[in-house]
$ cat work-v8.txt   # compact mmCIF, C-alpha atoms and all ligand atoms
# COMPACT_ATOMS: atom_id res chain seq x y z
CA MET J 1 0.00 0.00 0.00
CA ASN J 2 1.64 3.26 -1.04
CA ALA J 3 -0.64 5.89 -2.49
CA THR J 4 -2.91 8.07 -0.43
CA LYS J 5 -6.18 6.36 0.38
CA ARG J 6 -9.42 8.03 1.29
CA ILE J 7 -12.07 5.77 2.67
CA VAL J 8 -15.38 5.80 4.50
CA LEU J 9 -16.12 3.12 7.08
CA ILE J 10 -19.82 2.29 7.31
CA GLY J 11 -21.64 0.06 9.74
CA PRO J 12 -24.45 -0.08 12.29
CA PRO J 13 -24.02 1.07 15.88
CA GLY J 14 -22.30 -1.72 17.78
CA CYS J 15 -20.43 -3.15 14.77
CA GLY J 16 -17.03 -2.12 16.14
CA LYS J 17 -16.43 0.60 13.54
CA GLY J 18 -14.52 2.95 15.87
CA THR J 19 -12.23 0.17 17.07
CA GLN J 20 -11.50 -0.91 13.50
CA ALA J 21 -10.85 2.66 12.35
CA LYS J 22 -8.31 3.05 15.17
CA ARG J 23 -6.61 -0.21 14.19
CA ILE J 24 -6.36 0.86 10.54
CA GLU J 25 -4.90 4.17 11.66
CA ASP J 26 -2.25 2.38 13.75
CA ALA J 27 -1.42 -0.07 10.95
CA THR J 28 -1.34 2.30 7.98
CA GLY J 29 -0.72 5.86 9.13
CA MET J 30 -4.04 6.91 7.61
CA VAL J 31 -5.86 9.24 9.97
CA GLN J 32 -9.14 8.28 11.68
CA LEU J 33 -11.55 11.18 11.32
CA SER J 34 -14.73 11.39 13.34
CA THR J 35 -16.92 14.46 13.15
CA GLY J 36 -16.94 14.89 16.93
CA ASP J 37 -13.13 15.03 17.05
CA MET J 38 -12.95 17.31 14.02
CA LEU J 39 -15.51 19.65 15.54
CA ARG J 40 -13.62 19.88 18.83
CA ALA J 41 -10.32 20.45 16.98
CA ALA J 42 -11.79 23.14 14.69
CA VAL J 43 -13.34 24.96 17.65
CA ALA J 44 -10.11 24.71 19.66
CA ALA J 45 -8.07 26.01 16.72
CA ALA J 46 -10.54 28.89 16.28
CA SER J 47 -10.36 28.47 12.50
CA PRO J 48 -13.03 30.37 10.52
CA ILE J 49 -15.14 27.21 10.22
CA GLY J 50 -14.48 26.39 13.88
CA LEU J 51 -15.74 29.81 14.96
CA LYS J 52 -18.83 29.34 12.80
CA ALA J 53 -19.50 25.93 14.36
CA LYS J 54 -18.95 27.33 17.84
CA ALA J 55 -21.49 30.11 17.29
CA VAL J 56 -24.07 27.62 16.02
CA MET J 57 -23.55 25.26 18.96
CA GLU J 58 -23.66 28.09 21.48
CA ALA J 59 -26.99 29.11 20.00
CA GLY J 60 -28.14 25.57 20.78
CA GLN J 61 -28.51 24.64 17.12
CA LEU J 62 -27.32 21.64 15.19
CA VAL J 63 -24.20 22.08 13.11
CA SER J 64 -25.29 22.04 9.46
CA ASP J 65 -24.01 19.67 6.80
CA ASP J 66 -22.30 22.64 5.09
CA ILE J 67 -20.27 23.39 8.18
CA ILE J 68 -19.34 19.75 8.67
CA ILE J 69 -18.26 19.41 5.03
CA GLY J 70 -16.21 22.60 5.39
CA MET J 71 -14.60 21.14 8.46
CA VAL J 72 -13.71 17.90 6.68
CA ALA J 73 -12.31 19.92 3.75
CA GLU J 74 -10.12 21.89 6.14
CA ARG J 75 -9.06 18.88 8.21
CA ILE J 76 -7.91 16.72 5.30
CA LYS J 77 -5.48 19.42 4.14
CA ALA J 78 -3.43 18.91 7.30
CA PRO J 79 -0.02 17.24 6.80
CA ASP J 80 -0.94 14.24 8.97
CA CYS J 81 -3.51 13.23 6.32
CA ALA J 82 -0.77 12.70 3.70
CA LYS J 83 -1.30 8.94 3.80
CA GLY J 84 -5.04 9.36 3.64
CA PHE J 85 -7.93 9.14 6.03
CA ILE J 86 -10.69 6.92 7.33
CA LEU J 87 -14.00 8.66 7.90
CA ASP J 88 -15.67 7.04 10.88
CA GLY J 89 -19.34 7.88 11.45
CA PHE J 90 -19.62 10.33 8.58
CA PRO J 91 -21.42 10.70 6.20
CA ARG J 92 -24.57 9.70 8.03
CA SER J 93 -27.09 10.41 5.29
CA ILE J 94 -27.45 10.59 1.51
CA PRO J 95 -27.32 14.43 1.41
CA GLN J 96 -24.09 14.33 3.43
CA ALA J 97 -22.63 11.63 1.17
CA GLU J 98 -23.50 13.68 -1.93
CA ALA J 99 -22.03 16.88 -0.49
CA LEU J 100 -18.89 15.05 0.58
CA SER J 101 -18.39 13.50 -2.87
CA LYS J 102 -18.82 16.87 -4.51
CA MET J 103 -16.31 18.53 -2.21
CA LEU J 104 -13.75 15.76 -2.72
CA ALA J 105 -14.28 15.80 -6.50
CA ASP J 106 -13.82 19.60 -6.54
CA ASN J 107 -10.52 19.09 -4.71
CA LYS J 108 -9.54 16.31 -7.13
CA GLN J 109 -9.26 13.90 -4.22
CA PRO J 110 -12.06 11.40 -4.82
CA MET J 111 -12.98 8.77 -2.26
CA ASN J 112 -11.16 5.49 -3.01
CA GLY J 113 -13.46 3.16 -1.19
CA ALA J 114 -16.42 2.75 1.12
CA ILE J 115 -16.08 -0.25 3.40
CA GLU J 116 -19.24 -1.58 4.96
CA ILE J 117 -18.87 -3.70 8.09
CA ARG J 118 -21.97 -5.79 7.51
CA VAL J 119 -23.64 -7.29 10.57
CA PRO J 120 -27.23 -8.56 10.89
CA ASP J 121 -29.38 -6.70 13.45
CA GLN J 122 -29.98 -9.80 15.54
CA PHE J 123 -26.24 -10.26 15.96
CA ILE J 124 -25.80 -6.68 17.19
CA VAL J 125 -28.73 -7.02 19.59
CA GLU J 126 -27.25 -10.21 21.02
CA ARG J 127 -23.80 -8.73 21.28
CA ILE J 128 -24.89 -5.54 23.04
CA THR J 129 -27.65 -6.80 25.33
CA GLY J 130 -25.40 -9.58 26.63
CA ARG J 131 -22.69 -7.25 27.89
CA PHE J 132 -22.00 -6.78 31.56
CA THR J 133 -19.07 -5.63 33.65
CA CYS J 134 -17.63 -6.30 37.07
CA ALA J 135 -18.85 -3.49 39.34
CA LYS J 136 -15.56 -3.56 41.26
CA CYS J 137 -12.75 -3.79 38.65
CA GLY J 138 -14.62 -3.05 35.42
CA ALA J 139 -13.68 -6.33 33.69
CA GLY J 140 -15.98 -6.91 30.71
CA TYR J 141 -18.09 -10.04 30.20
CA HIS J 142 -20.82 -11.38 27.97
CA ASP J 143 -23.73 -13.74 28.69
CA LYS J 144 -22.88 -15.87 25.70
CA PHE J 145 -19.41 -15.05 24.39
CA GLN J 146 -17.39 -14.35 27.51
CA LYS J 147 -18.81 -15.78 30.71
CA PRO J 148 -16.79 -15.69 33.93
CA ALA J 149 -15.11 -19.06 34.55
CA LYS J 150 -17.19 -19.44 37.69
CA ASP J 151 -20.77 -18.28 37.36
CA GLY J 152 -21.32 -14.97 39.19
CA VAL J 153 -17.68 -14.46 40.18
CA CYS J 154 -15.29 -12.06 38.43
CA ASP J 155 -12.25 -13.86 36.96
CA LYS J 156 -10.01 -10.89 37.59
CA CYS J 157 -10.85 -9.75 41.12
CA GLY J 158 -13.20 -12.32 42.61
CA ALA J 159 -16.03 -9.83 43.19
CA SER J 160 -19.60 -11.03 42.68
CA ASP J 161 -21.22 -7.72 41.88
CA PHE J 162 -21.88 -7.01 38.21
CA SER J 163 -23.57 -4.19 36.38
CA ARG J 164 -25.19 -3.58 33.00
CA ARG J 165 -25.44 -0.29 31.16
CA LYS J 166 -28.97 1.03 31.09
CA ASP J 167 -28.93 1.64 27.33
CA ASP J 168 -27.70 -1.89 26.59
CA ASN J 169 -31.30 -3.09 26.43
CA GLU J 170 -33.01 -4.54 23.38
CA GLU J 171 -35.46 -1.67 22.88
CA THR J 172 -32.76 1.01 22.86
CA VAL J 173 -30.53 -1.03 20.57
CA ARG J 174 -33.38 -1.71 18.12
CA THR J 175 -34.32 1.99 18.08
CA ARG J 176 -30.73 2.94 17.20
CA LEU J 177 -30.62 0.24 14.54
CA SER J 178 -33.84 1.44 12.89
CA ALA J 179 -32.52 5.00 12.81
CA TYR J 180 -29.40 3.63 11.13
CA HIS J 181 -31.41 1.70 8.54
CA GLU J 182 -33.65 4.64 7.81
CA VAL J 183 -31.09 7.43 7.50
CA THR J 184 -27.59 6.01 7.14
CA SER J 185 -27.69 2.62 5.47
CA PRO J 186 -28.93 4.11 2.14
CA ILE J 187 -25.38 5.44 1.72
CA VAL J 188 -24.32 1.83 1.19
CA GLY J 189 -26.35 1.89 -2.03
CA PHE J 190 -24.95 5.31 -2.88
CA TYR J 191 -21.36 4.05 -2.76
CA ASP J 192 -22.32 0.83 -4.51
CA ARG J 193 -23.70 2.85 -7.42
CA ALA J 194 -20.47 4.87 -7.39
CA GLY J 195 -18.63 1.55 -7.83
CA ILE J 196 -16.47 1.84 -4.72
CA LEU J 197 -18.36 -0.27 -2.15
CA LYS J 198 -16.57 -3.15 -0.44
CA VAL J 199 -18.29 -5.36 2.11
CA VAL J 200 -16.60 -7.00 5.07
CA ASP J 201 -18.23 -9.67 7.23
CA GLY J 202 -18.63 -8.05 10.65
CA THR J 203 -19.74 -11.25 12.38
CA GLN J 204 -16.15 -12.53 12.39
CA GLY J 205 -13.91 -12.07 15.40
CA ILE J 206 -12.50 -8.58 15.85
CA ASP J 207 -9.01 -9.56 14.56
CA ASP J 208 -10.47 -11.21 11.47
CA VAL J 209 -12.55 -8.12 10.72
CA THR J 210 -9.34 -6.08 10.86
CA LYS J 211 -7.62 -8.57 8.52
CA SER J 212 -10.51 -8.40 6.05
CA ILE J 213 -10.42 -4.60 6.06
CA MET J 214 -6.65 -4.56 5.54
CA LYS J 215 -7.06 -6.94 2.61
CA VAL J 216 -9.68 -4.68 1.02
CA LEU J 217 -7.44 -1.65 1.58
CA ALA J 218 -4.50 -3.35 -0.11
CA GLU J 219 -6.65 -3.92 -3.19
CA LEU J 220 -7.95 -0.36 -3.46
ZN ZN N 301 -13.70 -7.75 38.89
$ encode --input "work-v8.txt" --output "structure tokens" --more "lines below"
Ligand SMILES: [Zn+2]
Amino acid sequence: MNATKRIVLIGPPGCGKGTQAKRIEDATGMVQLSTGDMLRAAVAAASPIGLKAKAVMEAGQLVSDDIIIGMVAERIKAPDCAKGFILDGFPRSIPQAEALSKMLADNKQPMNGAIEIRVPDQFIVERITGRFTCAKCGAGYHDKFQKPAKDGVCDKCGASDFSRRKDDNEETVRTRLSAYHEVTSPIVGFYDRAGILKVVDGTQGIDDVTKSIMKVLAEL
């Protein structure tokens, strides 16, 4: 892999997208870009677009797609993006995907690939609702995939008190998944029509997902 690569990572909430983006960053020197981080950086740097975003947020309004696109445009000019970037969690909708493509095309830096981490809803629901942690040391467990060796006792510290996150329940997870299917997953079709969609099986183990992504990247 030598040339600059610009990619979008797409996948439902709970698919491990952020973790994978970080791993690609570490392995390739491409930069992981999330809109939250970019927004904080632009505001901190007090760049023109950062000041605009700050004013909008202080007025209690949502940052518009135009501002976000402007922020991405500014961010990807930075020297650390020389090897390319991985957009993580953006675009989130067809209008954003269209605006992003236009901006990149205007800059003669088209997107090289859109990688979808494909995972069935039921798998995500099972993965998220089964999570629990040791209340004492924070060790993570799962009802199905990672049970403590002795039922009800933490492997790491021996405590028997566990907790579950309130939003790790089926209803919340399903609500987030439907929002994803309604607003975001149409961008999968968008990138497919653009001829740059690659699909990776997200039901594999986390290391195998990384391997699959790296393989796709090498072929871009
Ligand atoms: Zn523990």
$ closest_residue --input "work-v8.txt" --among "J:Lys83, J:Lys102, J:Arg118, J:Lys156" --to "Asp66 in chain J" --atoms "only C-alpha atoms"
J:Lys102
$ atom_distance --input "work-v8.txt" --atom1 "CA of Asn169 in chain J" --atom2 "CA of Ile128 in chain J"
7.7 Å
$ residues_near_ligand --input "work-v8.txt" --ligand "ligand ZN 301 (chain N)" --cutoff "9 Å" --atoms "all atoms listed in the file" --output "ChimeraX atom specification"
/J:133-140,153-162
$ write_last_selection --input "work-v8.txt" --atoms "C-alpha atoms" --output "PDB file, keeping the file's coordinate frame"
ATOM      1  CA  THR J 133     -19.070  -5.630  33.650  1.00  0.00           C
ATOM      2  CA  CYS J 134     -17.630  -6.300  37.070  1.00  0.00           C
ATOM      3  CA  ALA J 135     -18.850  -3.490  39.340  1.00  0.00           C
ATOM      4  CA  LYS J 136     -15.560  -3.560  41.260  1.00  0.00           C
ATOM      5  CA  CYS J 137     -12.750  -3.790  38.650  1.00  0.00           C
ATOM      6  CA  GLY J 138     -14.620  -3.050  35.420  1.00  0.00           C
ATOM      7  CA  ALA J 139     -13.680  -6.330  33.690  1.00  0.00           C
ATOM      8  CA  GLY J 140     -15.980  -6.910  30.710  1.00  0.00           C
ATOM      9  CA  VAL J 153     -17.680 -14.460  40.180  1.00  0.00           C
ATOM     10  CA  CYS J 154     -15.290 -12.060  38.430  1.00  0.00           C
ATOM     11  CA  ASP J 155     -12.250 -13.860  36.960  1.00  0.00           C
ATOM     12  CA  LYS J 156     -10.010 -10.890  37.590  1.00  0.00           C
ATOM     13  CA  CYS J 157     -10.850  -9.750  41.120  1.00  0.00           C
ATOM     14  CA  GLY J 158     -13.200 -12.320  42.610  1.00  0.00           C
ATOM     15  CA  ALA J 159     -16.030  -9.830  43.190  1.00  0.00           C
ATOM     16  CA  SER J 160     -19.600 -11.030  42.680  1.00  0.00           C
ATOM     17  CA  ASP J 161     -21.220  -7.720  41.880  1.00  0.00           C
ATOM     18  CA  PHE J 162     -21.880  -7.010  38.210  1.00  0.00           C
TER      19      PHE J 162
END
$ residues_around --input "work-v8.txt" --residues "Leu217 in chain J" --least-positions-apart "3" --cutoff "12 Å" --atoms "all atoms listed in the file" --output "count of residues only"
32
$ closest_residue --input "work-v8.txt" --among "J:Ala78, J:Gly11, J:Ala73, J:Glu170" --to "Ser101 in chain J" --atoms "all atoms listed in the file"
J:Ala73
$ decode --input "work-v8.txt" --residues "range 58-96 of chain J" --atoms "N, CA and C atoms" --output "compact mmCIF listing (two decimals), in the first residue's frame"
# COMPACT_ATOMS: atom_id res chain seq x y z
N GLU J 58 -23.32 27.25 20.33
CA GLU J 58 -23.66 28.09 21.48
C GLU J 58 -25.09 28.60 21.40
N ALA J 59 -25.60 28.71 20.18
CA ALA J 59 -26.99 29.11 20.00
C ALA J 59 -27.93 27.92 20.19
N GLY J 60 -27.34 26.77 20.53
CA GLY J 60 -28.14 25.57 20.78
C GLY J 60 -28.67 24.93 19.52
N GLN J 61 -28.05 25.24 18.37
CA GLN J 61 -28.51 24.64 17.12
C GLN J 61 -27.59 23.52 16.65
N LEU J 62 -28.13 22.73 15.73
CA LEU J 62 -27.32 21.64 15.19
C LEU J 62 -26.38 22.19 14.13
N VAL J 63 -25.17 21.67 14.12
CA VAL J 63 -24.20 22.08 13.11
C VAL J 63 -24.65 21.55 11.75
N SER J 64 -24.76 22.43 10.77
CA SER J 64 -25.29 22.04 9.46
C SER J 64 -24.31 21.17 8.68
N ASP J 65 -24.85 20.49 7.67
CA ASP J 65 -24.01 19.67 6.80
C ASP J 65 -22.93 20.52 6.13
N ASP J 66 -23.28 21.74 5.74
CA ASP J 66 -22.30 22.64 5.09
C ASP J 66 -21.09 22.87 5.97
N ILE J 67 -21.37 23.13 7.25
CA ILE J 67 -20.27 23.39 8.18
C ILE J 67 -19.43 22.13 8.35
N ILE J 68 -20.09 21.00 8.48
CA ILE J 68 -19.34 19.75 8.67
C ILE J 68 -18.47 19.46 7.45
N ILE J 69 -19.04 19.64 6.26
CA ILE J 69 -18.26 19.41 5.03
C ILE J 69 -17.07 20.37 4.98
N GLY J 70 -17.30 21.62 5.35
CA GLY J 70 -16.21 22.60 5.39
C GLY J 70 -15.11 22.18 6.34
N MET J 71 -15.55 21.61 7.45
CA MET J 71 -14.60 21.14 8.46
C MET J 71 -13.76 19.98 7.94
N VAL J 72 -14.43 19.04 7.26
CA VAL J 72 -13.71 17.90 6.68
C VAL J 72 -12.71 18.43 5.65
N ALA J 73 -13.17 19.36 4.80
CA ALA J 73 -12.31 19.92 3.75
C ALA J 73 -11.05 20.53 4.37
N GLU J 74 -11.24 21.23 5.47
CA GLU J 74 -10.12 21.89 6.14
C GLU J 74 -9.19 20.84 6.79
N ARG J 75 -9.82 19.88 7.46
CA ARG J 75 -9.06 18.88 8.21
C ARG J 75 -8.16 18.02 7.32
N ILE J 76 -8.68 17.65 6.13
CA ILE J 76 -7.91 16.72 5.30
C ILE J 76 -6.75 17.39 4.57
N LYS J 77 -6.65 18.72 4.70
CA LYS J 77 -5.48 19.42 4.14
C LYS J 77 -4.28 19.33 5.08
N ALA J 78 -4.51 18.95 6.31
CA ALA J 78 -3.43 18.91 7.30
C ALA J 78 -2.39 17.87 6.90
N PRO J 79 -1.11 18.14 7.22
CA PRO J 79 -0.02 17.24 6.80
C PRO J 79 -0.19 15.80 7.29
N ASP J 80 -0.81 15.62 8.45
CA ASP J 80 -0.94 14.24 8.97
C ASP J 80 -1.87 13.39 8.11
N CYS J 81 -2.62 14.01 7.19
CA CYS J 81 -3.51 13.23 6.32
C CYS J 81 -2.83 12.83 5.01
N ALA J 82 -1.50 13.01 4.94
CA ALA J 82 -0.77 12.70 3.70
C ALA J 82 -0.98 11.26 3.23
N LYS J 83 -1.11 10.34 4.19
CA LYS J 83 -1.30 8.94 3.80
C LYS J 83 -2.78 8.60 3.61
N GLY J 84 -3.63 9.58 3.84
CA GLY J 84 -5.04 9.36 3.64
C GLY J 84 -5.81 9.39 4.95
N PHE J 85 -7.09 9.08 4.84
CA PHE J 85 -7.93 9.14 6.03
C PHE J 85 -9.04 8.11 5.98
N ILE J 86 -9.57 7.84 7.17
CA ILE J 86 -10.69 6.92 7.33
C ILE J 86 -11.80 7.72 7.98
N LEU J 87 -12.87 7.96 7.28
CA LEU J 87 -14.00 8.66 7.90
C LEU J 87 -14.80 7.65 8.70
N ASP J 88 -15.01 7.97 9.95
CA ASP J 88 -15.67 7.04 10.88
C ASP J 88 -16.93 7.73 11.42
N GLY J 89 -18.09 7.29 10.97
CA GLY J 89 -19.34 7.88 11.45
C GLY J 89 -19.81 9.06 10.62
N PHE J 90 -19.21 9.28 9.49
CA PHE J 90 -19.62 10.33 8.58
C PHE J 90 -19.26 9.89 7.17
N PRO J 91 -20.08 10.10 6.16
CA PRO J 91 -21.42 10.70 6.20
C PRO J 91 -22.46 9.80 6.85
N ARG J 92 -23.50 10.42 7.37
CA ARG J 92 -24.57 9.70 8.03
C ARG J 92 -25.85 9.69 7.23
N SER J 93 -25.86 10.35 6.09
CA SER J 93 -27.09 10.41 5.29
C SER J 93 -26.71 10.63 3.83
N ILE J 94 -27.69 10.39 2.94
CA ILE J 94 -27.45 10.59 1.51
C ILE J 94 -27.05 12.04 1.20
N PRO J 95 -27.77 13.06 1.72
CA PRO J 95 -27.32 14.43 1.41
C PRO J 95 -25.87 14.69 1.83
N GLN J 96 -25.48 14.15 2.98
CA GLN J 96 -24.09 14.33 3.43
C GLN J 96 -23.13 13.61 2.49
